[in-house]
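Source file start-v9.cif; content: mmCIF, C-alpha atoms.
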data_input
loop_
_atom_site.group_PDB
_atom_site.id
_atom_site.type_symbol
_atom_site.label_atom_id
_atom_site.label_comp_id
_atom_site.auth_asym_id
_atom_site.auth_seq_id
_atom_site.Cartn_x
_atom_site.Cartn_y
_atom_site.Cartn_z
ATOM 1 C CA MET A 1390 -12.155 9.308 -8.333
ATOM 2 C CA SER A 1391 -10.802 10.349 -11.647
ATOM 3 C CA VAL A 1392 -7.126 11.084 -12.181
ATOM 4 C CA SER A 1393 -5.597 13.164 -14.952
ATOM 5 C CA THR A 1394 -2.330 14.907 -15.716
ATOM 6 C CA HIS A 1395 -0.899 17.539 -18.020
ATOM 7 C CA VAL A 1396 2.827 17.572 -18.826
ATOM 8 C CA LEU A 1397 4.524 20.669 -20.207
ATOM 9 C CA ASP A 1398 8.108 20.920 -21.474
ATOM 10 C CA ALA A 1399 9.304 24.136 -19.805
ATOM 11 C CA VAL A 1400 12.401 24.437 -22.007
ATOM 12 C CA LEU A 1401 10.595 24.248 -25.341
ATOM 13 C CA GLY A 1402 7.384 25.841 -24.082
ATOM 14 C CA ARG A 1403 5.297 23.013 -25.532
ATOM 15 C CA PRO A 1404 3.186 20.100 -24.346
ATOM 16 C CA ALA A 1405 5.094 16.895 -23.661
ATOM 17 C CA ALA A 1406 3.266 14.662 -26.134
ATOM 18 C CA GLY A 1407 3.895 10.923 -26.197
ATOM 19 C CA MET A 1408 5.078 10.424 -22.605
ATOM 20 C CA THR A 1409 4.074 7.237 -20.806
ATOM 21 C CA VAL A 1410 2.281 7.731 -17.493
ATOM 22 C CA ARG A 1411 1.247 5.136 -14.913
ATOM 23 C CA LEU A 1412 -0.988 5.402 -11.866
ATOM 24 C CA LEU A 1413 -0.040 3.043 -9.036
ATOM 25 C CA LYS A 1414 -1.596 2.099 -5.695
ATOM 26 C CA ASP A 1415 0.562 0.063 -3.331
ATOM 27 C CA ASP A 1416 2.538 -2.175 -5.730
ATOM 28 C CA GLY A 1417 -0.134 -2.485 -8.411
ATOM 29 C CA VAL A 1418 -0.828 -0.568 -11.593
ATOM 30 C CA VAL A 1419 -4.265 1.085 -11.475
ATOM 31 C CA ALA A 1420 -4.051 2.653 -14.943
ATOM 32 C CA GLU A 1421 -1.577 3.660 -17.619
ATOM 33 C CA GLY A 1422 -1.613 5.871 -20.655
ATOM 34 C CA VAL A 1423 0.307 8.190 -22.939
ATOM 35 C CA THR A 1424 0.061 11.973 -23.084
ATOM 36 C CA ASP A 1425 -1.776 13.287 -26.134
ATOM 37 C CA ALA A 1426 -0.710 16.095 -28.509
ATOM 38 C CA ASP A 1427 -1.678 18.627 -25.829
ATOM 39 C CA GLY A 1428 0.400 16.816 -23.163
ATOM 40 C CA ARG A 1429 -2.726 15.586 -21.370
ATOM 41 C CA CYS A 1430 -3.606 12.124 -20.136
ATOM 42 C CA ARG A 1431 -6.756 11.033 -18.318
ATOM 43 C CA LEU A 1432 -5.649 7.971 -16.416
ATOM 44 C CA THR A 1433 -8.966 6.794 -15.015
ATOM 45 C CA GLU A 1434 -12.592 7.730 -14.604
ATOM 46 C CA GLN A 1435 -13.180 4.811 -12.240
ATOM 47 C CA PRO A 1436 -13.410 5.024 -8.451
ATOM 48 C CA THR A 1437 -10.294 3.959 -6.600
ATOM 49 C CA ALA A 1438 -9.307 3.404 -3.006
ATOM 50 C CA THR A 1439 -8.380 6.048 -0.494
ATOM 51 C CA GLY A 1440 -4.751 6.419 0.540
ATOM 52 C CA PRO A 1441 -1.486 7.129 -1.222
ATOM 53 C CA HIS A 1442 -1.200 6.817 -5.004
ATOM 54 C CA ARG A 1443 1.765 7.436 -7.291
ATOM 55 C CA VAL A 1444 1.873 8.887 -10.770
ATOM 56 C CA VAL A 1445 5.012 7.719 -12.581
ATOM 57 C CA PHE A 1446 6.138 9.693 -15.631
ATOM 58 C CA GLY A 1447 8.474 8.047 -18.168
ATOM 59 C CA THR A 1448 10.688 11.117 -18.474
ATOM 60 C CA GLY A 1449 13.976 9.360 -19.276
ATOM 61 C CA GLU A 1450 12.547 7.481 -22.234
ATOM 62 C CA TRP A 1451 10.680 10.574 -23.432
ATOM 63 C CA PHE A 1452 13.785 12.794 -23.402
ATOM 64 C CA GLY A 1453 15.882 9.963 -24.899
ATOM 65 C CA ASP A 1454 13.465 9.574 -27.820
ATOM 66 C CA GLN A 1455 14.189 13.226 -28.629
ATOM 67 C CA GLY A 1456 17.956 12.845 -28.345
ATOM 68 C CA ARG A 1457 17.982 14.971 -25.200
ATOM 69 C CA GLU A 1458 19.697 14.219 -21.904
ATOM 70 C CA THR A 1459 17.937 14.372 -18.564
ATOM 71 C CA PHE A 1460 18.795 13.924 -14.916
ATOM 72 C CA TRP A 1461 15.399 12.274 -14.296
ATOM 73 C CA PRO A 1462 14.981 8.685 -15.560
ATOM 74 C CA GLU A 1463 11.450 8.971 -14.170
ATOM 75 C CA VAL A 1464 9.452 11.385 -12.058
ATOM 76 C CA VAL A 1465 7.297 9.887 -9.322
ATOM 77 C CA LEU A 1466 4.647 12.059 -7.670
ATOM 78 C CA THR A 1467 2.897 10.659 -4.613
ATOM 79 C CA PHE A 1468 -0.430 12.078 -3.490
ATOM 80 C CA ASP A 1469 -3.025 11.079 -0.926
ATOM 81 C CA VAL A 1470 -6.634 10.345 -1.880
ATOM 82 C CA ARG A 1471 -8.975 11.286 0.951
ATOM 83 C CA GLU A 1472 -12.151 11.854 -1.048
ATOM 84 C CA PRO A 1473 -12.505 9.114 -3.681
ATOM 85 C CA ALA A 1474 -15.329 10.972 -5.475
ATOM 86 C CA GLU A 1475 -13.156 14.035 -6.187
ATOM 87 C CA HIS A 1476 -11.200 14.599 -9.391
ATOM 88 C CA HIS A 1477 -7.433 14.598 -8.896
ATOM 89 C CA HIS A 1478 -5.406 16.508 -11.508
ATOM 90 C CA VAL A 1479 -1.629 16.144 -11.097
ATOM 91 C CA PRO A 1480 0.246 18.390 -13.562
ATOM 92 C CA LEU A 1481 3.985 18.261 -14.245
ATOM 93 C CA LEU A 1482 6.108 21.171 -15.495
ATOM 94 C CA LEU A 1483 9.299 19.551 -16.747
ATOM 95 C CA SER A 1484 12.810 20.414 -17.886
ATOM 96 C CA PRO A 1485 15.836 18.109 -18.219
ATOM 97 C CA PHE A 1486 17.194 19.106 -14.799
ATOM 98 C CA ALA A 1487 14.188 20.357 -12.814
ATOM 99 C CA TYR A 1488 10.475 19.825 -12.393
ATOM 100 C CA SER A 1489 7.568 21.229 -10.424
ATOM 101 C CA THR A 1490 4.019 20.158 -9.700
ATOM 102 C CA TYR A 1491 0.896 21.241 -7.861
ATOM 103 C CA ARG A 1492 -2.648 20.051 -7.264
ATOM 104 C CA GLY A 1493 -4.548 21.140 -10.318
ATOM 105 C CA SER A 1494 -8.249 21.417 -10.940
#

Show me, as structure tokens, the structure contained in the file I just sent.
Amino acid sequence: MSVSTHVLDAVLGRPAAGMTVRLLKDDGVVAEGVTDADGRCRLTEQPTATGPHRVVFGTGEWFGDQGRETFWPEVVLTFDVREPAEHHHVPLLLSPFAYSTYRGS
């Protein structure tokens, strides 16, 4: 299974570059990375176990680095892996006081 994300700042209409992102399974870190200039981060290309995984976005630190306030110190998205061979893309559309997500392709 590969896992990737794409984070967009909905207020500024730009990619959220430089945000830390972690992929967790149970209590362990599977992978971590930082979004690139386009707001994208490929967390892993390696197979991983079935079951629930969490993507944790460092939103509080990211907004703080820009001198902006946010209600979200972090955003945690939990998704269930049923087919380990499939690609899982977990995008985040972010603003200081709201966010949305969906299963991407």

- Message: Using only C-alpha atoms for the distances, tell me which of A:Ala1426, A:Ala1438, A:Val1479, A:Val1465 is nearest to Met1408 of chain A.
- Response: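 Smallest distance to Met1408 of chain A is found for A:Ala1426.
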
- Item | Hits of the PyMOL selection byres ((chain A and resi 1488) around 12) in this structure, as a PyMOL selection string | chain A and resi 1396-1400+1446+1448+1459-1461+1463-1466+1480-1487+1489-1491

Using only C-alpha atoms, please write the residues we just selected to a file, as a PDB file, keeping the file's coordinate frame.
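Writing the result to part.pdb gives the following:
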ATOM      1  CA  VAL A1396       2.827  17.572 -18.826  1.00  0.00           C
ATOM      2  CA  LEU A1397       4.524  20.669 -20.207  1.00  0.00           C
ATOM      3  CA  ASP A1398       8.108  20.920 -21.474  1.00  0.00           C
ATOM      4  CA  ALA A1399       9.304  24.136 -19.805  1.00  0.00           C
ATOM      5  CA  VAL A1400      12.401  24.437 -22.007  1.00  0.00           C
ATOM      6  CA  PHE A1446       6.138   9.693 -15.631  1.00  0.00           C
ATOM      7  CA  THR A1448      10.688  11.117 -18.474  1.00  0.00           C
ATOM      8  CA  THR A1459      17.937  14.372 -18.564  1.00  0.00           C
ATOM      9  CA  PHE A1460      18.795  13.924 -14.916  1.00  0.00           C
ATOM     10  CA  TRP A1461      15.399  12.274 -14.296  1.00  0.00           C
ATOM     11  CA  GLU A1463      11.450   8.971 -14.170  1.00  0.00           C
ATOM     12  CA  VAL A1464       9.452  11.385 -12.058  1.00  0.00           C
ATOM     13  CA  VAL A1465       7.297   9.887  -9.322  1.00  0.00           C
ATOM     14  CA  LEU A1466       4.647  12.059  -7.670  1.00  0.00           C
ATOM     15  CA  PRO A1480       0.246  18.390 -13.562  1.00  0.00           C
ATOM     16  CA  LEU A1481       3.985  18.261 -14.245  1.00  0.00           C
ATOM     17  CA  LEU A1482       6.108  21.171 -15.495  1.00  0.00           C
ATOM     18  CA  LEU A1483       9.299  19.551 -16.747  1.00  0.00           C
ATOM     19  CA  SER A1484      12.810  20.414 -17.886  1.00  0.00           C
ATOM     20  CA  PRO A1485      15.836  18.109 -18.219  1.00  0.00           C
ATOM     21  CA  PHE A1486      17.194  19.106 -14.799  1.00  0.00           C
ATOM     22  CA  ALA A1487      14.188  20.357 -12.814  1.00  0.00           C
ATOM     23  CA  SER A1489       7.568  21.229 -10.424  1.00  0.00           C
ATOM     24  CA  THR A1490       4.019  20.158  -9.700  1.00  0.00           C
ATOM     25  CA  TYR A1491       0.896  21.241  -7.861  1.00  0.00           C
TER      26      TYR A1491
END

- Item | Within-10 Å shell of (-9.6, 9.4, -15.5) in input frame, only C-alpha atoms, as a list in words | Met1390, Ser1391, Val1392, Ser1393, Thr1394, Ala1420, Cys1430, Arg1431, Leu1432, Thr1433, Glu1434, Gln1435, Pro1436, His1476, His1477 and His1478 of chain A

- Item | Residues returned when the PyMOL selection byres ((chain A and resi 1414) around 7) runs on this file, as a list in words | Leu1413, Asp1415, Asp1416, Gly1417, Val1418, Val1419, Pro1441, His1442 and Arg1443 of chain A

- Could you work out how far atom CA of Asp1469 of chain A lies from atom CA of Arg1403 of chain A, giving the answer in Å with one decimal? 28.6 Å

- Query: Expressed in Å to a single decimal, how great is the separation between atom CA of Glu1421 of chain A and atom CA of Gly1447 of chain A?
  - Reply: 11.0 Å

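Between atom CA of Ala1406 of chain A and atom CA of Glu1475 of chain A there is a distance of 25.8 Å.
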
- Please provide as a ChimeraX atom specification all residues within 9 Å of Asp1425 of chain A, with the sequence filter that same-chain residues fewer than 2 positions apart are discarded (counting all atoms listed in the file). /A:1404-1408,1423,1427-1430

Could you write those residues out with C-alpha atoms, as a tab-separated table (two decimals), in the frame of the given file?
chain	number	residue	atom	x	y	z
A	1404	PRO	CA	3.19	20.10	-24.35
A	1405	ALA	CA	5.09	16.90	-23.66
A	1406	ALA	CA	3.27	14.66	-26.13
A	1407	GLY	CA	3.90	10.92	-26.20
A	1408	MET	CA	5.08	10.42	-22.60
A	1423	VAL	CA	0.31	8.19	-22.94
A	1427	ASP	CA	-1.68	18.63	-25.83
A	1428	GLY	CA	0.40	16.82	-23.16
A	1429	ARG	CA	-2.73	15.59	-21.37
A	1430	CYS	CA	-3.61	12.12	-20.14

To test your reading of the syntax: which residues would the PyMOL selection byres ((chain A and resi 1471) around 8) return for the file shown? Reply as an mmCIF file with C-alpha atoms, keeping the file's coordinate frame.
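Written output follows (part_36.cif):
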data_model
loop_
_atom_site.group_PDB
_atom_site.id
_atom_site.type_symbol
_atom_site.label_atom_id
_atom_site.label_comp_id
_atom_site.auth_asym_id
_atom_site.auth_seq_id
_atom_site.Cartn_x
_atom_site.Cartn_y
_atom_site.Cartn_z
ATOM 1 C CA THR A 1439 -8.380 6.048 -0.494
ATOM 2 C CA GLY A 1440 -4.751 6.419 0.540
ATOM 3 C CA ASP A 1469 -3.025 11.079 -0.926
ATOM 4 C CA VAL A 1470 -6.634 10.345 -1.880
ATOM 5 C CA GLU A 1472 -12.151 11.854 -1.048
ATOM 6 C CA PRO A 1473 -12.505 9.114 -3.681
#

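Using all atoms listed in the file, the smallest distance between any of A:Thr1437, A:Gly1449, A:Arg1411, A:Ser1494 and Ala1474 of chain A comes from A:Thr1437.
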